[in-house]
>>> print(open('model_17.cif').read())   # mmCIF, C-alpha atoms
data_upload
loop_
_atom_site.label_atom_id
_atom_site.label_comp_id
_atom_site.auth_asym_id
_atom_site.auth_seq_id
_atom_site.Cartn_x
_atom_site.Cartn_y
_atom_site.Cartn_z
CA MET A 866 -1.46 -18.45 51.03
CA SER A 867 -2.35 -16.83 47.68
CA ALA A 868 -0.22 -17.47 44.65
CA GLY A 869 1.72 -14.58 43.12
CA PRO A 870 1.21 -13.31 39.57
CA ALA A 871 2.15 -15.72 36.83
CA PRO A 872 5.57 -14.92 35.33
CA ALA A 873 5.60 -13.36 31.89
CA ALA A 874 6.27 -15.79 29.08
CA ALA A 875 9.81 -15.59 27.78
CA LEU A 876 10.44 -13.79 24.50
CA THR A 877 12.65 -15.22 21.80
CA VAL A 878 13.97 -13.21 18.86
CA SER A 879 15.11 -14.77 15.59
CA LEU A 880 16.00 -13.74 12.06
CA CYS A 881 14.23 -15.53 9.21
CA ARG A 882 16.25 -15.71 5.99
CA ASP A 883 14.56 -18.81 4.56
CA PRO A 884 11.71 -18.19 2.06
CA GLY A 885 10.28 -21.61 2.88
CA GLN A 886 10.04 -20.71 6.57
CA PHE A 887 8.38 -17.40 5.64
CA ALA A 888 5.80 -19.24 3.51
CA ALA A 889 5.00 -21.57 6.42
CA LEU A 890 4.28 -18.61 8.74
CA GLU A 891 0.95 -17.75 7.08
CA GLU A 892 -1.38 -18.78 9.91
CA PRO A 893 0.62 -17.38 12.88
CA TRP A 894 1.40 -14.26 10.81
CA ASN A 895 -2.26 -13.58 10.15
CA ARG A 896 -3.11 -14.15 13.80
CA LEU A 897 -0.52 -11.50 14.65
CA VAL A 898 -2.00 -9.11 12.09
CA ARG A 899 -5.37 -9.41 13.86
CA ARG A 900 -3.67 -8.56 17.19
CA CYS A 901 -1.97 -5.47 15.73
CA PRO A 902 -4.57 -2.68 15.39
CA THR A 903 -2.26 -0.44 13.34
CA ALA A 904 -1.63 -3.07 10.64
CA THR A 905 -2.69 -2.10 7.13
CA PRO A 906 -3.55 -4.54 4.30
CA PHE A 907 0.05 -4.28 3.11
CA GLN A 908 1.23 -6.14 6.22
CA SER A 909 -0.84 -9.23 5.42
CA HIS A 910 1.04 -12.43 4.69
CA ALA A 911 -0.80 -12.70 1.37
CA TRP A 912 0.57 -9.36 0.14
CA LEU A 913 4.12 -9.71 1.49
CA HIS A 914 4.72 -13.33 0.51
CA SER A 915 3.29 -12.76 -2.96
CA TRP A 916 5.56 -9.73 -3.39
CA TRP A 917 8.56 -11.83 -2.37
CA LEU A 918 7.71 -14.51 -4.93
CA SER A 919 7.55 -11.94 -7.74
CA TYR A 920 10.20 -9.42 -6.68
CA GLY A 921 12.44 -11.01 -4.04
CA LYS A 922 16.13 -11.70 -4.63
CA GLU A 923 17.72 -14.94 -3.50
CA GLY A 924 19.63 -14.59 -0.25
CA ARG A 925 18.18 -11.15 0.58
CA LEU A 926 15.24 -12.04 2.87
CA ARG A 927 15.53 -10.56 6.39
CA ILE A 928 12.50 -10.96 8.69
CA VAL A 929 12.91 -10.27 12.41
CA LEU A 930 10.53 -12.43 14.45
CA VAL A 931 9.60 -12.11 18.12
CA ARG A 932 7.81 -15.03 19.78
CA ARG A 933 6.20 -15.07 23.20
CA GLY A 934 5.67 -18.51 24.62
CA GLY A 935 6.02 -19.94 21.12
CA GLU A 936 3.37 -17.65 19.58
CA LEU A 937 4.38 -14.98 17.08
CA ALA A 938 4.09 -11.59 18.82
CA GLY A 939 6.16 -9.26 16.63
CA ALA A 940 7.63 -9.10 13.14
CA ALA A 941 9.51 -6.76 10.83
CA ALA A 942 9.52 -7.90 7.19
CA LEU A 943 12.59 -6.57 5.36
CA THR A 944 14.93 -7.34 2.50
CA LEU A 945 18.57 -6.44 1.89
CA VAL A 946 19.41 -4.17 -1.06
CA HIS A 947 22.46 -2.24 -2.28
CA ARG A 948 21.62 1.19 -3.77
CA PRO A 949 24.70 1.49 -3.69
CA LEU A 950 24.75 1.59 0.12
CA PRO A 951 23.71 -1.58 1.98
CA LEU A 952 20.15 -1.02 3.18
CA LEU A 953 17.45 -3.04 4.90
CA VAL A 954 14.17 -1.95 3.34
CA PRO A 955 10.57 -3.17 3.73
CA LEU A 956 9.21 -6.08 1.77
CA GLY A 957 6.69 -4.68 -0.69
CA GLY A 958 8.91 -2.14 -2.40
CA PRO A 959 7.59 0.88 -4.30
CA ILE A 960 4.27 -0.80 -5.15
CA THR A 961 3.33 -0.86 -1.43
CA ASP A 962 1.63 2.21 0.01
CA TYR A 963 2.08 1.66 3.77
CA PHE A 964 4.76 -0.05 5.85
CA ASP A 965 4.56 -1.05 9.48
CA VAL A 966 6.07 -3.58 11.84
CA LEU A 967 3.67 -5.99 13.51
CA VAL A 968 3.34 -5.85 17.29
CA ALA A 969 0.75 -7.71 19.37
CA ALA A 970 -1.01 -4.86 21.17
CA ASP A 971 -1.54 -6.84 24.40
CA HIS A 972 2.22 -7.31 24.85
CA ALA A 973 3.60 -4.22 23.12
CA GLY A 974 5.60 -3.12 26.17
CA GLN A 975 7.71 -6.29 25.93
CA VAL A 976 7.64 -6.89 22.20
CA VAL A 977 8.72 -3.48 20.90
CA PRO A 978 12.07 -3.42 22.78
CA ALA A 979 12.72 -7.02 21.74
CA LEU A 980 11.94 -6.22 18.11
CA ALA A 981 14.24 -3.19 18.27
CA ARG A 982 17.06 -5.33 19.65
CA GLY A 983 16.57 -7.98 17.00
CA LEU A 984 16.52 -5.41 14.20
CA HIS A 985 19.59 -3.73 15.70
CA ARG A 986 21.48 -7.03 15.45
CA ALA A 987 20.26 -7.58 11.88
CA ALA A 988 21.44 -4.08 10.91
CA ARG A 989 25.10 -4.47 11.87
CA GLY A 990 26.17 -4.05 8.26
CA ALA A 991 23.34 -1.94 6.81
CA VAL A 992 21.18 1.13 7.35
CA VAL A 993 17.50 0.39 7.99
CA ASP A 994 15.31 2.54 5.70
CA LEU A 995 11.64 2.24 6.67
CA ARG A 996 9.57 4.09 4.08
CA GLU A 997 5.85 4.94 4.01
CA VAL A 998 5.18 4.63 7.74
CA ARG A 999 1.64 5.82 8.46
CA PRO A 1000 1.23 8.17 11.45
CA GLY A 1001 0.28 6.17 14.52
CA ALA A 1002 1.95 3.01 13.23
CA ALA A 1003 3.65 0.52 15.53
CA ALA A 1004 6.92 1.44 13.81
CA GLU A 1005 6.78 4.78 15.65
CA ALA A 1006 7.23 2.92 18.95
CA LEU A 1007 10.11 0.96 17.40
CA TYR A 1008 11.73 4.24 16.35
CA GLY A 1009 11.35 5.53 19.91
CA GLN A 1010 13.09 2.42 21.34
CA TRP A 1011 15.92 2.33 18.80
CA PRO A 1012 19.27 2.02 20.61
CA GLY A 1013 21.47 3.52 17.87
CA ALA A 1014 21.56 6.39 15.36
CA ARG A 1015 18.25 7.46 13.84
CA SER A 1016 16.55 10.11 11.72
CA ARG A 1017 12.97 10.92 10.74
CA LEU A 1018 11.96 12.34 7.34
CA ALA A 1019 8.66 13.10 5.62
CA ASP A 1020 7.54 10.67 2.91
CA SER A 1021 4.54 10.39 0.58
CA THR A 1022 1.29 12.31 0.95
CA CYS A 1023 -1.88 10.23 1.31
CA MET A 1024 -5.53 11.27 1.19
CA GLU A 1025 -8.26 9.85 3.46
CA LEU A 1026 -11.96 10.29 4.03
CA PRO A 1027 -14.02 9.22 7.03
CA ALA A 1028 -16.41 6.37 6.30
CA LEU A 1029 -19.67 8.31 6.09
CA PRO A 1030 -22.88 7.91 4.09
CA PHE A 1031 -22.12 9.03 0.55
CA ASP A 1032 -24.50 11.99 0.79
CA GLU A 1033 -22.44 13.27 3.73
CA LEU A 1034 -19.24 12.94 1.69
CA VAL A 1035 -20.80 14.91 -1.17
CA LYS A 1036 -21.70 17.69 1.28
CA ARG A 1037 -17.98 18.13 2.01
CA MET A 1038 -17.54 19.45 -1.53
CA PRO A 1039 -18.24 23.03 -2.65
CA ALA A 1040 -21.92 23.44 -3.51
CA SER A 1041 -21.32 23.67 -7.26
CA GLY A 1042 -19.13 20.54 -7.24
CA ALA A 1043 -21.65 18.61 -5.17
CA GLN A 1044 -24.40 19.51 -7.61
CA ARG A 1045 -22.34 18.26 -10.56
CA VAL A 1046 -21.54 14.97 -8.79
CA ARG A 1047 -25.21 14.32 -8.03
CA ALA A 1048 -26.17 15.07 -11.63
CA LYS A 1049 -23.47 12.75 -13.02
CA LEU A 1050 -24.45 9.94 -10.68
CA ARG A 1051 -28.07 10.25 -11.80
CA LYS A 1052 -26.85 9.77 -15.39
CA THR A 1053 -24.67 6.87 -14.27
CA ASP A 1054 -27.63 5.16 -12.59
CA ALA A 1055 -29.82 5.80 -15.62
CA ALA A 1056 -27.19 4.12 -17.83
CA GLY A 1057 -27.71 0.92 -15.87
CA ILE A 1058 -24.18 0.18 -14.64
CA GLU A 1059 -24.21 -2.91 -12.45
CA GLU A 1060 -21.76 -3.69 -9.64
CA ARG A 1061 -20.52 -7.21 -9.00
CA GLU A 1062 -17.88 -8.57 -6.63
CA VAL A 1063 -15.58 -11.20 -8.09
CA THR A 1064 -15.15 -14.61 -6.45
CA GLU A 1065 -11.75 -16.05 -5.62
CA ALA A 1066 -11.82 -18.40 -8.62
CA GLU A 1067 -12.65 -15.50 -10.96
CA VAL A 1068 -9.77 -13.28 -9.78
CA PRO A 1069 -7.19 -14.22 -12.47
CA ALA A 1070 -9.47 -13.32 -15.38
CA ALA A 1071 -10.76 -10.24 -13.58
CA VAL A 1072 -7.23 -8.93 -12.90
CA ARG A 1073 -6.38 -9.34 -16.59
CA THR A 1074 -9.45 -7.29 -17.47
CA LEU A 1075 -8.61 -4.64 -14.86
CA LEU A 1076 -5.05 -4.23 -16.13
CA ARG A 1077 -6.24 -4.03 -19.73
CA LEU A 1078 -8.67 -1.26 -18.78
CA HIS A 1079 -6.01 0.45 -16.67
CA GLU A 1080 -3.58 0.54 -19.60
CA LYS A 1081 -6.32 1.78 -21.93
CA GLN A 1082 -7.38 4.49 -19.49
CA TRP A 1083 -3.81 5.84 -19.14
CA ARG A 1084 -2.70 5.34 -22.74
CA GLY A 1085 -0.83 8.41 -23.95
CA ARG A 1086 -0.91 10.01 -20.50
CA GLY A 1087 1.99 8.18 -18.86
CA VAL A 1088 0.93 4.93 -17.29
CA THR A 1089 3.07 3.72 -14.39
CA PRO A 1090 5.50 1.39 -16.19
CA GLU A 1091 5.48 -1.25 -13.46
CA HIS A 1092 1.74 -1.77 -13.91
CA LEU A 1093 2.38 -3.14 -17.41
CA ARG A 1094 5.01 -5.68 -16.41
CA PRO A 1095 4.26 -9.41 -16.11
CA ARG A 1096 5.72 -9.62 -12.60
CA PHE A 1097 3.21 -7.02 -11.37
CA ALA A 1098 0.29 -8.88 -12.95
CA GLU A 1099 1.55 -12.11 -11.40
CA HIS A 1100 1.83 -10.51 -7.96
CA LEU A 1101 -1.51 -8.69 -8.10
CA THR A 1102 -3.32 -11.83 -9.22
CA ARG A 1103 -1.76 -14.04 -6.54
CA ALA A 1104 -2.13 -11.54 -3.70
CA THR A 1105 -5.69 -10.52 -4.62
CA ARG A 1106 -6.81 -14.11 -4.86
CA ARG A 1107 -5.49 -14.90 -1.39
CA MET A 1108 -6.83 -11.66 0.08
CA VAL A 1109 -10.30 -12.20 -1.37
CA ARG A 1110 -10.28 -15.67 0.20
CA ALA A 1111 -9.27 -14.26 3.60
CA GLY A 1112 -11.58 -11.23 3.54
CA GLU A 1113 -8.58 -8.90 3.24
CA GLY A 1114 -9.49 -7.59 -0.19
CA ARG A 1115 -12.12 -7.49 -2.90
CA LEU A 1116 -12.22 -7.01 -6.63
CA THR A 1117 -15.33 -5.28 -7.95
CA GLU A 1118 -16.43 -5.18 -11.59
CA PHE A 1119 -18.77 -2.59 -13.04
CA ARG A 1120 -20.71 -3.81 -16.07
CA LEU A 1121 -22.66 -2.00 -18.75
CA ASP A 1122 -24.72 -3.99 -21.23
CA GLY A 1123 -22.97 -7.13 -20.04
CA GLU A 1124 -19.43 -5.79 -20.62
CA VAL A 1125 -16.93 -4.92 -17.89
CA VAL A 1126 -16.30 -1.18 -18.22
CA ALA A 1127 -14.48 -0.64 -14.91
CA ALA A 1128 -12.84 -2.73 -12.21
CA ASN A 1129 -11.30 -1.91 -8.86
CA VAL A 1130 -9.07 -3.73 -6.34
CA THR A 1131 -9.70 -2.71 -2.73
CA LEU A 1132 -7.43 -3.81 0.11
CA LEU A 1133 -8.91 -4.13 3.60
CA SER A 1134 -7.82 -4.02 7.22
CA ALA A 1135 -9.61 -3.32 10.47
CA GLY A 1136 -8.68 0.35 10.26
CA LEU A 1137 -9.20 1.22 6.61
CA SER A 1138 -10.50 0.39 3.17
CA GLY A 1139 -7.99 1.38 0.48
CA GLY A 1140 -8.63 1.61 -3.25
CA TYR A 1141 -5.39 0.19 -4.63
CA LEU A 1142 -5.79 0.06 -8.42
CA TYR A 1143 -8.63 0.54 -10.87
CA GLY A 1144 -9.16 0.50 -14.59
CA ALA A 1145 -11.95 2.17 -16.53
CA ASP A 1146 -12.91 2.34 -20.19
CA PRO A 1147 -12.24 5.90 -21.45
CA GLU A 1148 -15.53 5.74 -23.36
CA LEU A 1149 -17.32 6.16 -20.04
CA ARG A 1150 -16.35 9.83 -20.19
CA ASP A 1151 -18.37 10.18 -23.39
CA ARG A 1152 -21.37 8.85 -21.48
CA LYS A 1153 -20.78 11.48 -18.76
CA VAL A 1154 -20.04 8.77 -16.19
CA ASP A 1155 -18.03 10.07 -13.23
CA VAL A 1156 -15.89 6.99 -12.54
CA ALA A 1157 -14.27 8.44 -9.39
CA ALA A 1158 -17.67 9.18 -7.85
CA LEU A 1159 -18.98 5.76 -8.87
CA LEU A 1160 -16.06 3.98 -7.19
CA LEU A 1161 -16.13 6.15 -4.08
CA ARG A 1162 -19.87 5.67 -3.58
CA HIS A 1163 -19.39 1.92 -3.71
CA GLU A 1164 -16.33 1.89 -1.43
CA ALA A 1165 -17.79 4.30 1.13
CA GLY A 1166 -20.96 2.24 1.37
CA ARG A 1167 -19.06 -0.98 1.91
CA ALA A 1168 -16.65 0.55 4.45
CA LEU A 1169 -19.56 1.98 6.44
CA ALA A 1170 -21.43 -1.34 6.41
CA GLU A 1171 -18.30 -3.25 7.50
CA GLY A 1172 -17.35 -0.83 10.28
CA ARG A 1173 -14.08 0.36 8.74
CA PRO A 1174 -13.52 3.96 9.89
CA VAL A 1175 -11.43 5.24 6.96
CA VAL A 1176 -11.72 5.20 3.17
CA SER A 1177 -8.20 5.79 1.91
CA PHE A 1178 -7.16 7.03 -1.54
CA LEU A 1179 -3.69 5.76 -0.54
CA ARG A 1180 -0.65 7.63 -1.91
CA GLY A 1181 -0.85 10.67 -4.14
CA SER A 1182 -2.52 14.08 -4.13
CA GLU A 1183 -4.09 14.03 -7.59
CA PRO A 1184 -6.63 16.80 -8.26
CA TYR A 1185 -9.62 14.44 -8.47
CA LYS A 1186 -8.98 13.38 -4.87
CA ASN A 1187 -8.91 16.95 -3.61
CA HIS A 1188 -12.42 17.57 -4.92
CA TRP A 1189 -13.71 15.60 -1.93
CA ARG A 1190 -11.80 17.72 0.60
CA PRO A 1191 -10.05 14.70 2.13
CA GLU A 1192 -7.79 14.74 5.14
CA THR A 1193 -4.11 14.90 4.22
CA VAL A 1194 -1.87 12.34 5.91
CA VAL A 1195 1.88 12.48 5.39
CA ASN A 1196 3.74 9.19 5.73
CA GLN A 1197 7.06 9.09 7.59
CA ARG A 1198 10.45 7.68 6.68
CA PHE A 1199 12.59 6.28 9.49
CA LEU A 1200 16.34 5.80 9.04
CA LEU A 1201 17.97 3.58 11.67
CA ALA A 1202 21.52 2.29 12.16
CA THR A 1203 23.93 1.10 14.78
CA ASP A 1204 26.13 3.81 16.30
CA ALA A 1205 29.07 2.41 14.34
CA LEU A 1206 27.18 3.02 11.07
CA ALA A 1207 25.97 6.52 12.00
CA PRO A 1208 28.16 8.14 9.29
CA LEU A 1209 26.61 5.83 6.71
CA LEU A 1210 23.13 6.83 7.90
CA ARG A 1211 23.99 10.54 7.57
CA LEU A 1212 25.37 9.93 4.09
CA HIS A 1213 22.19 8.14 3.05
CA GLU A 1214 20.07 10.88 4.64
CA SER A 1215 21.92 13.57 2.66
CA ARG A 1216 21.45 11.58 -0.55
CA VAL A 1217 17.72 11.26 0.10
CA ALA A 1218 17.33 14.96 0.91
CA GLY A 1219 19.40 15.98 -2.13
CA ARG A 1220 17.31 13.80 -4.42
CA GLU A 1221 14.08 15.30 -3.05
CA ARG A 1222 15.36 18.84 -3.58
CA ALA A 1223 16.41 18.01 -7.15
CA VAL A 1224 13.02 16.48 -7.97
CA GLY A 1225 11.19 19.45 -6.49
CA ALA A 1226 13.33 21.93 -8.43
CA LEU A 1227 12.79 20.01 -11.65
CA ARG A 1228 9.04 19.95 -11.20
CA GLU A 1229 9.00 23.68 -10.53
CA ALA A 1230 11.23 24.52 -13.48
CA LEU A 1231 9.71 22.04 -15.92
CA PRO A 1232 6.11 21.16 -14.98
CA ALA A 1233 5.87 18.85 -17.99
CA ALA A 1234 9.02 16.88 -17.13
CA ARG A 1235 7.10 14.28 -15.15
CA ASP A 1236 4.74 13.63 -18.07
CA TRP A 1237 7.63 13.36 -20.53
CA ARG A 1238 9.42 10.87 -18.32
CA ALA A 1239 6.27 8.80 -17.80
CA ARG A 1240 5.59 8.62 -21.54
CA LEU A 1241 9.17 7.62 -22.28
CA ASN A 1242 8.87 4.89 -19.65
CA GLU A 1243 5.63 3.70 -21.21
CA LEU A 1244 7.28 3.45 -24.64
CA ARG A 1245 10.22 1.59 -23.13
CA VAL A 1246 7.94 -0.95 -21.45
CA ARG A 1247 5.96 -1.50 -24.63
#
>>> encode(input="model_17.cif", output="structure tokens")
Amino acid sequence: MSAGPAPAAALTVSLCRDPGQFAALEEPWNRLVRRCPTATPFQSHAWLHSWWLSYGKEGRLRIVLVRRGGELAGAAALTLVHRPLPLLVPLGGPITDYFDVLVAADHAGQVVPALARGLHRAARGAVVDLREVRPGAAAEALYGQWPGARSRLADSTCMELPALPFDELVKRMPASGAQRVRAKLRKTDAAGIEEREVTEAEVPAAVRTLLRLHEKQWRGRGVTPEHLRPRFAEHLTRATRRMVRAGEGRLTEFRLDGEVVAANVTLLSAGLSGGYLYGADPELRDRKVDVAALLLRHEAGRALAEGRPVVSFLRGSEPYKNHWRPETVVNQRFLLATDALAPLLRLHESRVAGRERAVGALREALPAARDWRARLNELRVR
């Protein structure tokens, strides 16, 4: 008599509120990341745990964990905030470009409903506000299984290119633009700029150099204030060091006459290569060096060699990105709550929509308002 199919391993759902327990999850967490094809670099343990150490508030950690037969099979990394409504928001905050929950693809049919139930229990007193969800993310399935009130909004615009040989990417541009890029890259190569990837041990010094160049490059043009703060430098150094060690990131320096004139942090996952932050000496413009083309040529070549299908510019639709005719990807924002908190969700949704309308109207009425605010922020940080 033949034996029947083996019973499915039981699922257990728990809520982690202990930072020490979260720190100890590194190995099973990273195994789960490898089993979740939609995961981006921002779901790595290195990025999330480092962010918590620099930005987390005591008593606010909320991580829903799903285990199958003792092995981690699902996770949603969140923190509790009051703005002024009680919200559960993703770990990573505004400095993180993509959010997703982690779901082991081979057991998604079991894990997603369990994760939804666990998050539903965790959200009894708060609205869940999942920002920057990339299309196709596992969080879409969670949204579909949510047993309470929910709403979907548009979030940030991101730009992406397919990982192609650089000559093919140049051909996507208008003919005149392609000709200028080729001419500038010939001048760049003639200048003798050398590319070098930084080792794990060299990351701290290299991040300091990158941030110095980043501040210099944006001086007087409204640098993002957070990029000048010690907590950001601490986080970027710690996370990059761990990600370089694990093959989840790289830091590349570009040298001219022995001096670092540009540096770039790239975050990596199976599905994409994302240029997170770079710094470049403004004097490169005087030498007619096209820094954007230099960085993209390097990143596209590496992504193609490593089999990563997408080169992402991450968030933002700056003009220099549009020169390459990238694909536009709009992130999603999922608002979730229990039925009892549905009025609170609708209130939060109206606040979000009202804020977006006000920002849009201000930009239309005062195109320079964003620059003025950025420069005031820069002065305040200094």
>>> atom_distance(input="model_17.cif", atom1="CA of Pro1030 (chain A)", atom2="CA of Gly1166 (chain A)")
6.6 Å
>>> atom_distance(input="model_17.cif", atom1="CA of Asp1151 (chain A)", atom2="CA of Thr1117 (chain A)")
22.1 Å
>>> residues_around(input="model_17.cif", residues="Leu1206 (chain A)", least_positions_apart="5", cutoff="9 Å", atoms="only C-alpha atoms", output="PyMOL selection string")
chain A and resi 989-992+1013-1014+1211
>>> write_last_selection(input="model_17.cif", atoms="C-alpha atoms", output="PDB file, keeping the file's coordinate frame")
ATOM      1  CA  ARG A 989      25.100  -4.470  11.870  1.00  0.00           C
ATOM      2  CA  GLY A 990      26.170  -4.050   8.260  1.00  0.00           C
ATOM      3  CA  ALA A 991      23.340  -1.940   6.810  1.00  0.00           C
ATOM      4  CA  VAL A 992      21.180   1.130   7.350  1.00  0.00           C
ATOM      5  CA  GLY A1013      21.470   3.520  17.870  1.00  0.00           C
ATOM      6  CA  ALA A1014      21.560   6.390  15.360  1.00  0.00           C
ATOM      7  CA  ARG A1211      23.990  10.540   7.570  1.00  0.00           C
TER       8      ARG A1211
END
>>> resolve_selection(input="model_17.cif", expression="the PyMOL selection byres ((chain A and resi 955-972) around 6)", output="list in words")
Arg900, Cys901, Trp916, Ala938, Gly939, Ala940, Ala941, Ala942, Leu943, Thr944, Val954, Ala973, Gly974, Gln975, Glu997, Val998 and Ala1004 of chain A
>>> residues_around(input="model_17.cif", residues="Arg1106 (chain A)", least_positions_apart="3", cutoff="6 Å", atoms="all atoms listed in the file", output="mmCIF file with C-alpha atoms, keeping the file's coordinate frame")
data_model
loop_
_atom_site.group_PDB
_atom_site.id
_atom_site.type_symbol
_atom_site.label_atom_id
_atom_site.label_comp_id
_atom_site.auth_asym_id
_atom_site.auth_seq_id
_atom_site.Cartn_x
_atom_site.Cartn_y
_atom_site.Cartn_z
ATOM 1 C CA GLU A 1065 -11.750 -16.050 -5.620
ATOM 2 C CA VAL A 1068 -9.770 -13.280 -9.780
ATOM 3 C CA ARG A 1103 -1.760 -14.040 -6.540
ATOM 4 C CA VAL A 1109 -10.300 -12.200 -1.370
#
>>> closest_residue(input="model_17.cif", among="A:Arg1167, A:Arg1152, A:Arg982, A:Lys1052", to="Thr1131 (chain A)", atoms="all atoms listed in the file")
A:Arg1167
>>> atom_distance(input="model_17.cif", atom1="CA of Pro893 (chain A)", atom2="CA of Glu936 (chain A)")
7.2 Å
>>> closest_residue(input="model_17.cif", among="A:Gln1197, A:Thr905, A:Gln1044, A:Thr1105", to="Ser1177 (chain A)", atoms="only C-alpha atoms")
A:Thr905
>>> closest_residue(input="model_17.cif", among="A:His1092, A:Arg1220, A:Leu876, A:Leu1149", to="Gly935 (chain A)", atoms="all atoms listed in the file")
A:Leu876
>>> resolve_selection(input="model_17.cif", expression="the PyMOL selection byres ((chain A and resi 912) around 10)", output="JSON, numbers by chain")
{"A": [906, 907, 908, 909, 910, 911, 913, 914, 915, 916, 917, 956, 957, 961, 1100, 1101, 1103, 1104, 1105, 1107, 1108, 1113, 1132]}
>>> axis_aligned_box(input="model_17.cif", around="region 891-897 of chain A", padding_each_side="4 Å", output="JSON")
{"center_x": -0.9, "center_y": -15.1, "center_z": 10.9, "size_x": 12.5, "size_y": 15.3, "size_z": 15.6}
>>> resolve_selection(input="model_17.cif", expression="the PyMOL selection byres ((chain A and resi 1163) around 12)", output="PyMOL selection string")
chain A and resi 1028-1031+1050+1059-1062+1115-1119+1128-1129+1131+1138+1140+1156-1162+1164-1170+1176
>>> write_last_selection(input="model_17.cif", atoms="C-alpha atoms", output="short mmCIF file (atom, residue, chain, number, x, y, z; two decimals), in the frame of the given file")
data_model
loop_
_atom_site.label_atom_id
_atom_site.label_comp_id
_atom_site.auth_asym_id
_atom_site.auth_seq_id
_atom_site.Cartn_x
_atom_site.Cartn_y
_atom_site.Cartn_z
CA ALA A 1028 -16.41 6.37 6.30
CA LEU A 1029 -19.67 8.31 6.09
CA PRO A 1030 -22.88 7.91 4.09
CA PHE A 1031 -22.12 9.03 0.55
CA LEU A 1050 -24.45 9.94 -10.68
CA GLU A 1059 -24.21 -2.91 -12.45
CA GLU A 1060 -21.76 -3.69 -9.64
CA ARG A 1061 -20.52 -7.21 -9.00
CA GLU A 1062 -17.88 -8.57 -6.63
CA ARG A 1115 -12.12 -7.49 -2.90
CA LEU A 1116 -12.22 -7.01 -6.63
CA THR A 1117 -15.33 -5.28 -7.95
CA GLU A 1118 -16.43 -5.18 -11.59
CA PHE A 1119 -18.77 -2.59 -13.04
CA ALA A 1128 -12.84 -2.73 -12.21
CA ASN A 1129 -11.30 -1.91 -8.86
CA THR A 1131 -9.70 -2.71 -2.73
CA SER A 1138 -10.50 0.39 3.17
CA GLY A 1140 -8.63 1.61 -3.25
CA VAL A 1156 -15.89 6.99 -12.54
CA ALA A 1157 -14.27 8.44 -9.39
CA ALA A 1158 -17.67 9.18 -7.85
CA LEU A 1159 -18.98 5.76 -8.87
CA LEU A 1160 -16.06 3.98 -7.19
CA LEU A 1161 -16.13 6.15 -4.08
CA ARG A 1162 -19.87 5.67 -3.58
CA GLU A 1164 -16.33 1.89 -1.43
CA ALA A 1165 -17.79 4.30 1.13
CA GLY A 1166 -20.96 2.24 1.37
CA ARG A 1167 -19.06 -0.98 1.91
CA ALA A 1168 -16.65 0.55 4.45
CA LEU A 1169 -19.56 1.98 6.44
CA ALA A 1170 -21.43 -1.34 6.41
CA VAL A 1176 -11.72 5.20 3.17
#
>>> closest_residue(input="model_17.cif", among="A:Arg1150, A:Arg996, A:His947, A:Arg925", to="Arg1198 (chain A)", atoms="only C-alpha atoms")
A:Arg996
>>> closest_residue(input="model_17.cif", among="A:His1188, A:Arg1077, A:Lys922, A:His985", to="Pro1012 (chain A)", atoms="only C-alpha atoms")
A:His985
